[in-house]
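S.K.: This structure is in structure tokens; I'll ask about it shortly.
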Protein chains: 2
Amino acid sequence: MDPFRRAVQQLARLPGVGERTATRYAYWLLRQSPEVSTQLADAIVNLRTGIRECETCCDLSPLSPCLRCADGKRDPSLVCVVERPQDVGAIDAAGEFRGRFHVLHGALSPLDGIGPDQLRLRELVARAPDLREVILATDPDVEGDTTALYVAKLLAPLGVKVTRLAHGLAVGTAIEFADRASLARALQGRLPL
Amino acid sequence: MDPFRRAVQQLARLPGVGERTATRYAYWLLRQSPEVSTQLADAIVNLRTGIRECETCCDLSPLSPCLRCADGKRDPSLVCVVERPQDVGAIDAAGEFRGRFHVLHGALSPLDGIGPDQLRLRELVARAPDLREVILATDPDVEGDTTALYVAKLLAPLGVKVTRLAHGLAVGTAIEFADRASLARALQGRLPL
């Protein structure tokens, strides 16, 4: 196939990229020096060969165990369970959590064919003997709620305390403009003053 | 550098791609089989090594002369001058033109540092002895208009007839909703019925 057509076809596989955007990328690459293409191609290949799942927490990392699992200053008995690798950085950035992580790589969604076997649950259960508390930080949607319940049931007989992130009003939200679901959760989770 | 950070950095160089989108692409690539990354990387490298400028018309093509320049059924004395390789396909698709092309690779724009030397004008002048008519199909904006005038002046002493695409109402546009510039051009270019 013509190298141009093939490049467009391959670039159009990226998420959210259609043929129009892929064509734009291809013409842009043709206008740059050849090194730009080589560097991009190298980075893409190295990404896939240089990043693996940490054998403990299943986060994506160039090292296994990853830097967080190897960090002695993080409480090894406190684990925050998230759906995606992206969530790890978000929770770390909040600055409230100094434990370790566990990445499920998805949430239960029978309609999409994602059952317990597709998630890193076996790896989580294997860590249970060393754990004091597991904080479930799955998304506040149907899949995330289902997954949280499933994990809680899985860990209950193993003597691990299971908690879930609080849901309620986002900081800075005026009650007038809060969505109904968040308001309902804020009422259910109200605390004594 | 961490292969993930480097991949995000490289992907974020693509036009219109910020760090957020680049991160999304990187995580997507990590979720696919390794072949997806290899195929994409190969296609990017082959794009740059497999596509060159046709020595006659300066269009981008895996071959030189390109397929259009080698097509004996296209009138070699009639040449349509466009700014970008993308424009060639658009004009061909209109089905009205059976001549050859010439791609300038840009339009005159002194503020962006694009002068006559940055365009493929020397290559166009070299073709002039074989040409009967040159149709200027640069964009109807300041840079395109300037470029059209410049090319017309360049070719005038060489005895080539120079024409420009008609501008006016787009087919299907109601006069009520036509933009002022198009309406002005439609009045200037009115034809006897």
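Lettering and numbering for the structure tokens are positional, with chains as A, B, ... in the shown order, residues counted from 1 in each chain, and ligands counted from 1 in the shown order.
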I'd like a table as CSV: residues in range 11-105 of chain A with an atom no more than 8 Å from range 122-126 of chain A, each row giving the shortest atom pair and its distance in Å to one decimal, only C-alpha atoms counted, sorted by chain and rising residue number.

M.R.:
```
residue,atom,partner,partner_atom,distance
A:Thr56,CA,A:Glu123,CA,7.1
A:Cys57,CA,A:Glu123,CA,7.6
A:Cys58,CA,A:Glu123,CA,7.9
A:His102,CA,A:Leu124,CA,7.0
```

S.K.: Convert the current residue selection to file output with all heavy atoms, as a tab-separated table (two decimals), in the first residue's frame.

M.R.:
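To be explicit, this is the file written out as part_33.tsv:
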```tsv
chain	number	residue	atom	x	y	z
A	56	THR	N	3.36	-6.39	41.68
A	56	THR	CA	2.62	-6.27	42.93
A	56	THR	C	1.31	-5.51	42.73
A	56	THR	O	0.22	-6.03	42.97
A	56	THR	CB	3.49	-5.56	43.99
A	56	THR	OG1	4.73	-6.24	44.09
A	56	THR	CG2	2.79	-5.55	45.34
A	57	CYS	N	1.41	-4.26	42.26
A	57	CYS	CA	0.22	-3.39	42.25
A	57	CYS	C	-0.44	-3.31	40.88
A	57	CYS	O	-1.49	-2.70	40.74
A	57	CYS	CB	0.59	-2.00	42.74
A	57	CYS	SG	1.52	-1.04	41.53
A	58	CYS	N	0.20	-3.89	39.84
A	58	CYS	CA	-0.35	-3.89	38.48
A	58	CYS	C	-0.40	-2.52	37.83
A	58	CYS	O	-0.99	-2.36	36.76
A	58	CYS	CB	-1.73	-4.56	38.42
A	58	CYS	SG	-1.73	-6.21	39.10
A	102	HIS	N	-3.41	-0.29	44.06
A	102	HIS	CA	-3.65	-1.48	43.27
A	102	HIS	C	-4.53	-1.10	42.07
A	102	HIS	O	-5.60	-0.53	42.24
A	102	HIS	CB	-4.34	-2.58	44.08
A	102	HIS	CG	-4.29	-3.91	43.37
A	102	HIS	ND1	-3.22	-4.76	43.45
A	102	HIS	CD2	-5.17	-4.49	42.52
A	102	HIS	CE1	-3.44	-5.82	42.70
A	102	HIS	NE2	-4.61	-5.68	42.12
```

S.K.: Return as a Markdown table the residues of chain A lying at most 9 Å from chain B, together with the closest atom-to-atom pair for each and the distance in Å to one decimal, counting only C-alpha atoms, with rows in chain order and ascending residue number.

M.R.:
```
| residue | atom | partner | partner_atom | distance |
| --- | --- | --- | --- | --- |
| A:Asp2 | CA | B:Pro62 | CA | 6.8 |
| A:Pro3 | CA | B:Leu47 | CA | 5.0 |
| A:Phe4 | CA | B:Leu47 | CA | 5.7 |
| A:Arg5 | CA | B:Leu47 | CA | 8.9 |
| A:Arg6 | CA | B:Ala43 | CA | 6.2 |
| A:Ala7 | CA | B:Ala43 | CA | 4.8 |
| A:Val8 | CA | B:Ala43 | CA | 8.5 |
| A:Gln9 | CA | B:Ala43 | CA | 8.9 |
| A:Gln10 | CA | B:Leu40 | CA | 5.4 |
| A:Leu11 | CA | B:Leu40 | CA | 6.7 |
| A:Arg13 | CA | B:Leu40 | CA | 8.8 |
| A:Leu14 | CA | B:Tyr25 | CA | 6.3 |
| A:Pro15 | CA | B:Tyr25 | CA | 6.6 |
| A:Thr23 | CA | B:Gln86 | CA | 9.0 |
| A:Arg24 | CA | B:Pro15 | CA | 7.8 |
| A:Tyr25 | CA | B:Leu14 | CA | 6.3 |
| A:Ala26 | CA | B:Leu47 | CA | 7.7 |
| A:Tyr27 | CA | B:Gln86 | CA | 8.4 |
| A:Trp28 | CA | B:Pro15 | CA | 7.2 |
| A:Leu29 | CA | B:Arg48 | CA | 7.4 |
| A:Leu30 | CA | B:Arg48 | CA | 6.1 |
| A:Ser33 | CA | B:Arg48 | CA | 8.8 |
| A:Pro34 | CA | B:Arg48 | CA | 6.2 |
| A:Val36 | CA | B:Gln10 | CA | 8.4 |
| A:Ser37 | CA | B:Val45 | CA | 5.9 |
| A:Thr38 | CA | B:Val45 | CA | 6.1 |
| A:Gln39 | CA | B:Gln10 | CA | 7.2 |
| A:Leu40 | CA | B:Gln10 | CA | 5.4 |
| A:Ala41 | CA | B:Ala41 | CA | 4.3 |
| A:Asp42 | CA | B:Ala41 | CA | 7.1 |
| A:Ala43 | CA | B:Ala7 | CA | 4.8 |
| A:Ile44 | CA | B:Ala7 | CA | 5.9 |
| A:Val45 | CA | B:Ser37 | CA | 5.9 |
| A:Asn46 | CA | B:Pro3 | CA | 6.0 |
| A:Leu47 | CA | B:Pro3 | CA | 5.0 |
| A:Arg48 | CA | B:Leu30 | CA | 6.1 |
| A:Thr49 | CA | B:Pro34 | CA | 7.9 |
| A:Gly50 | CA | B:Pro3 | CA | 6.0 |
| A:Ile51 | CA | B:Pro3 | CA | 6.8 |
| A:Arg52 | CA | B:Leu30 | CA | 8.8 |
| A:Leu60 | CA | B:Leu30 | CA | 8.7 |
| A:Ser61 | CA | B:Phe4 | CA | 8.1 |
| A:Pro62 | CA | B:Asp2 | CA | 6.8 |
| A:Pro85 | CA | B:Tyr27 | CA | 8.4 |
| A:Gln86 | CA | B:Tyr27 | CA | 8.4 |
```

S.K.: Write a file of the just-selected residues containing N, CA and C atoms, as a compact mmCIF listing (two decimals), in the first residue's frame.

M.R.:
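That gives us out08.txt:
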```txt
# COMPACT_ATOMS: atom_id res chain seq x y z
N ASP A 2 0.43 2.30 -0.63
CA ASP A 2 1.06 3.61 -0.63
C ASP A 2 1.40 4.02 0.81
N PRO A 3 2.65 4.43 1.08
CA PRO A 3 3.04 4.77 2.46
C PRO A 3 2.16 5.85 3.08
N PHE A 4 1.64 6.73 2.25
CA PHE A 4 0.80 7.79 2.80
C PHE A 4 -0.53 7.21 3.30
N ARG A 5 -1.18 6.40 2.45
CA ARG A 5 -2.45 5.78 2.83
C ARG A 5 -2.27 4.91 4.08
N ARG A 6 -1.13 4.20 4.12
CA ARG A 6 -0.91 3.31 5.25
C ARG A 6 -0.71 4.10 6.54
N ALA A 7 0.02 5.22 6.46
CA ALA A 7 0.24 6.04 7.65
C ALA A 7 -1.09 6.61 8.15
N VAL A 8 -1.92 7.08 7.20
CA VAL A 8 -3.22 7.63 7.60
C VAL A 8 -4.06 6.54 8.28
N GLN A 9 -4.05 5.36 7.68
CA GLN A 9 -4.83 4.24 8.22
C GLN A 9 -4.38 3.90 9.64
N GLN A 10 -3.06 3.87 9.85
CA GLN A 10 -2.54 3.51 11.17
C GLN A 10 -2.81 4.62 12.20
N LEU A 11 -2.61 5.87 11.80
CA LEU A 11 -2.85 6.98 12.72
C LEU A 11 -4.32 7.07 13.10
N ARG A 13 -6.20 4.79 13.83
CA ARG A 13 -6.58 3.82 14.86
C ARG A 13 -6.52 4.42 16.25
N LEU A 14 -5.77 5.51 16.42
CA LEU A 14 -5.67 6.16 17.72
C LEU A 14 -7.07 6.60 18.18
N PRO A 15 -7.33 6.60 19.48
CA PRO A 15 -8.69 6.88 19.95
C PRO A 15 -9.09 8.32 19.65
N THR A 23 -5.02 12.35 8.49
CA THR A 23 -4.43 12.97 7.30
C THR A 23 -3.65 14.23 7.70
N ARG A 24 -4.23 14.98 8.64
CA ARG A 24 -3.55 16.19 9.12
C ARG A 24 -2.22 15.83 9.77
N TYR A 25 -2.24 14.80 10.62
CA TYR A 25 -1.01 14.35 11.27
C TYR A 25 0.03 13.95 10.21
N ALA A 26 -0.41 13.19 9.20
CA ALA A 26 0.52 12.68 8.19
C ALA A 26 1.16 13.83 7.41
N TYR A 27 0.36 14.79 6.99
CA TYR A 27 0.93 15.93 6.26
C TYR A 27 1.87 16.73 7.15
N TRP A 28 1.51 16.82 8.42
CA TRP A 28 2.39 17.54 9.35
C TRP A 28 3.74 16.83 9.45
N LEU A 29 3.70 15.51 9.61
CA LEU A 29 4.94 14.75 9.70
C LEU A 29 5.80 14.94 8.45
N LEU A 30 5.16 15.00 7.29
CA LEU A 30 5.90 15.17 6.04
C LEU A 30 6.55 16.55 5.95
N SER A 33 11.28 17.73 9.80
CA SER A 33 12.51 17.02 9.46
C SER A 33 12.31 15.53 9.73
N PRO A 34 13.06 14.66 9.03
CA PRO A 34 12.89 13.21 9.22
C PRO A 34 13.07 12.78 10.68
N VAL A 36 11.95 14.05 13.34
CA VAL A 36 10.69 14.12 14.10
C VAL A 36 9.95 12.79 13.98
N SER A 37 9.90 12.23 12.77
CA SER A 37 9.23 10.94 12.57
C SER A 37 9.97 9.82 13.29
N THR A 38 11.30 9.82 13.19
CA THR A 38 12.07 8.75 13.84
C THR A 38 11.89 8.80 15.34
N GLN A 39 11.97 10.00 15.91
CA GLN A 39 11.83 10.12 17.36
C GLN A 39 10.45 9.67 17.83
N LEU A 40 9.42 10.07 17.07
CA LEU A 40 8.07 9.66 17.44
C LEU A 40 7.93 8.14 17.36
N ALA A 41 8.42 7.55 16.26
CA ALA A 41 8.31 6.10 16.08
C ALA A 41 9.07 5.36 17.18
N ASP A 42 10.28 5.83 17.51
CA ASP A 42 11.07 5.21 18.57
C ASP A 42 10.33 5.27 19.90
N ALA A 43 9.77 6.44 20.19
CA ALA A 43 9.08 6.61 21.48
C ALA A 43 7.89 5.67 21.58
N ILE A 44 7.20 5.44 20.44
CA ILE A 44 6.03 4.55 20.45
C ILE A 44 6.46 3.11 20.69
N VAL A 45 7.55 2.69 20.03
CA VAL A 45 8.02 1.32 20.21
C VAL A 45 8.55 1.11 21.64
N ASN A 46 9.34 2.10 22.13
CA ASN A 46 9.89 1.97 23.48
C ASN A 46 8.82 2.00 24.56
N LEU A 47 7.74 2.72 24.28
CA LEU A 47 6.63 2.76 25.23
C LEU A 47 6.14 1.34 25.49
N ARG A 48 5.93 0.61 24.38
CA ARG A 48 5.34 -0.72 24.50
C ARG A 48 6.34 -1.73 25.05
N THR A 49 7.62 -1.58 24.73
CA THR A 49 8.60 -2.55 25.21
C THR A 49 9.14 -2.16 26.58
N GLY A 50 9.09 -0.85 26.92
CA GLY A 50 9.74 -0.40 28.14
C GLY A 50 8.80 -0.27 29.32
N ILE A 51 7.49 -0.41 29.09
CA ILE A 51 6.53 -0.26 30.18
C ILE A 51 5.85 -1.60 30.41
N ARG A 52 5.83 -2.06 31.66
CA ARG A 52 5.13 -3.31 31.98
C ARG A 52 4.22 -3.09 33.18
N LEU A 60 1.22 0.54 35.66
CA LEU A 60 2.16 0.51 34.55
C LEU A 60 3.42 1.25 34.96
N SER A 61 4.56 0.66 34.67
CA SER A 61 5.81 1.25 35.13
C SER A 61 6.97 0.68 34.33
N PRO A 62 8.06 1.46 34.18
CA PRO A 62 9.24 0.88 33.53
C PRO A 62 9.92 -0.16 34.42
N PRO A 85 -4.56 3.18 35.55
CA PRO A 85 -3.27 3.75 35.94
C PRO A 85 -3.34 5.28 36.09
N GLN A 86 -4.15 5.94 35.26
CA GLN A 86 -4.27 7.40 35.34
C GLN A 86 -4.72 7.86 36.73
```

S.K.: Tell me, in Å to one decimal, how far CA of Ala152 in chain B is from CA of Val82 in chain B.

M.R.: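 So the answer is 13.3 Å.
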
S.K.: Would you give me, as a ChimeraX atom specification, the residues in chain B that DSSP reads as strand (DSSP E or B)?

M.R.: /B:52-53,60-61,75-82,99-103,109,114,133-136,161-164

S.K.: Next, write the just-selected residues to a file, as a JSON list (two decimals), in the first residue's frame, keeping C-alpha atoms as the atom set.

M.R.:
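Wrote it out as selection-v9.json, contents follow:
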```json
[["chain", "number", "residue", "atom", "x", "y", "z"],
["B", 52, "ARG", "CA", 9.04, 12.43, -1.71],
["B", 53, "GLU", "CA", 8.24, 15.46, -3.84],
["B", 60, "LEU", "CA", 4.00, 14.41, -2.47],
["B", 61, "SER", "CA", 4.14, 10.91, -3.91],
["B", 75, "ASP", "CA", -3.24, 17.60, -20.73],
["B", 76, "PRO", "CA", 0.45, 18.48, -20.06],
["B", 77, "SER", "CA", 0.04, 22.09, -21.20],
["B", 78, "LEU", "CA", -2.66, 22.95, -18.64],
["B", 79, "VAL", "CA", -1.49, 23.25, -15.04],
["B", 80, "CYS", "CA", -3.47, 24.00, -11.89],
["B", 81, "VAL", "CA", -1.36, 25.69, -9.17],
["B", 82, "VAL", "CA", -2.33, 24.89, -5.57],
["B", 99, "GLY", "CA", -4.73, 18.77, -16.68],
["B", 100, "ARG", "CA", -1.68, 18.53, -14.43],
["B", 101, "PHE", "CA", -0.88, 20.16, -11.09],
["B", 102, "HIS", "CA", 1.79, 22.21, -9.42],
["B", 103, "VAL", "CA", 2.07, 22.31, -5.63],
["B", 109, "SER", "CA", 3.19, 35.38, 4.02],
["B", 114, "ILE", "CA", 7.41, 32.77, 3.86],
["B", 133, "GLU", "CA", -2.48, 27.91, -19.44],
["B", 134, "VAL", "CA", -1.94, 28.08, -15.69],
["B", 135, "ILE", "CA", -5.00, 28.08, -13.43],
["B", 136, "LEU", "CA", -4.31, 29.63, -10.03],
["B", 161, "LYS", "CA", -2.05, 32.45, -20.11],
["B", 162, "VAL", "CA", -2.86, 32.82, -16.40],
["B", 163, "THR", "CA", -6.37, 32.42, -15.00],
["B", 164, "ARG", "CA", -7.77, 32.15, -11.49]]
```

S.K.: Do a neighbour search on Ala107 in chain B at 6 Å with only C-alpha atoms, toss out local chain neighbours closer than 2 positions, and write the hits as a PyMOL selection string.

M.R.: chain B and resi 143-144+147

S.K.: Save out the residues we just selected, C-alpha atoms, as a JSON list (two decimals), in the first residue's frame.

M.R.:
```json
[["chain", "number", "residue", "atom", "x", "y", "z"],
["B", 143, "GLU", "CA", -1.98, 35.09, 1.43],
["B", 144, "GLY", "CA", -3.65, 33.21, -1.44],
["B", 147, "THR", "CA", 0.49, 34.53, -4.08]]
```

S.K.: Going by DSSP on the backbone, which residues of range 104-193 of chain B come out as helix (DSSP H, G or I)? List them as JSON, numbers by chain.

M.R.: {"B": [110, 111, 112, 116, 117, 118, 121, 122, 123, 124, 125, 126, 127, 128, 129, 130, 142, 143, 144, 145, 146, 147, 148, 149, 150, 151, 152, 153, 154, 155, 156, 157, 158, 175, 176, 177, 180, 181, 182, 183, 184, 185, 186, 187, 188]}

S.K.: Please indicate the distance in Å from CA of Ala137 in chain A to CA of Leu165 in chain A, rounded to one decimal place.

M.R.: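 Atom-to-atom, CA of Ala137 in chain A to CA of Leu165 in chain A, that is 5.7 Å.
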
S.K.: Could you pull the residues within 8 Å of Arg98 in chain B, counting only C-alpha atoms, minus those fewer than 5 positions along the same chain, as a PyMOL selection string?

M.R.: chain B and resi 73-75+92

S.K.: Can you spit out the residues from that selection as a PDB file, in the first residue's frame, using N, CA, C and O atoms?

M.R.:
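File result_21.pdb, as written:
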```
ATOM      1  N   LYS B  73      -3.018  10.761 -20.271  1.00  0.00           N
ATOM      2  CA  LYS B  73      -4.347  11.268 -20.617  1.00  0.00           C
ATOM      3  C   LYS B  73      -4.620  12.660 -20.044  1.00  0.00           C
ATOM      4  O   LYS B  73      -5.628  13.278 -20.343  1.00  0.00           O
ATOM      5  N   ARG B  74      -3.703  13.133 -19.206  1.00  0.00           N
ATOM      6  CA  ARG B  74      -3.870  14.480 -18.655  1.00  0.00           C
ATOM      7  C   ARG B  74      -3.134  15.479 -19.543  1.00  0.00           C
ATOM      8  O   ARG B  74      -1.968  15.283 -19.873  1.00  0.00           O
ATOM      9  N   ASP B  75      -3.805  16.561 -19.865  1.00  0.00           N
ATOM     10  CA  ASP B  75      -3.237  17.602 -20.727  1.00  0.00           C
ATOM     11  C   ASP B  75      -1.975  18.179 -20.076  1.00  0.00           C
ATOM     12  O   ASP B  75      -2.056  18.818 -19.025  1.00  0.00           O
ATOM     13  N   ASP B  92      -9.215  17.354  -8.104  1.00  0.00           N
ATOM     14  CA  ASP B  92      -9.445  16.162  -8.917  1.00  0.00           C
ATOM     15  C   ASP B  92     -10.847  15.612  -8.685  1.00  0.00           C
ATOM     16  O   ASP B  92     -11.527  15.183  -9.618  1.00  0.00           O
TER      17      ASP B  92
END
```

S.K.: One decimal, Å: what's the distance from CA of Glu55 in chain B over to CA of Leu149 in chain B, could you say?

M.R.: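 CA of Leu149 in chain B lies at a distance of 24.4 Å from CA of Glu55 in chain B.
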
S.K.: For Leu191 in chain B, which residue among B:Phe177, B:Ala93, B:Ala166, B:Gly106 is the nearest when counting only C-alpha atoms?

M.R.: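 Nearest to Leu191 in chain B: B:Ala166.
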
S.K.: Give me the residues near Leu183 in chain B as a VMD selection string, where near means some atom within 8 Å (using only C-alpha atoms) and where sequence neighbours in that chain fewer than 6 positions away do not count.

M.R.: chain B and resid 168 to 169 175
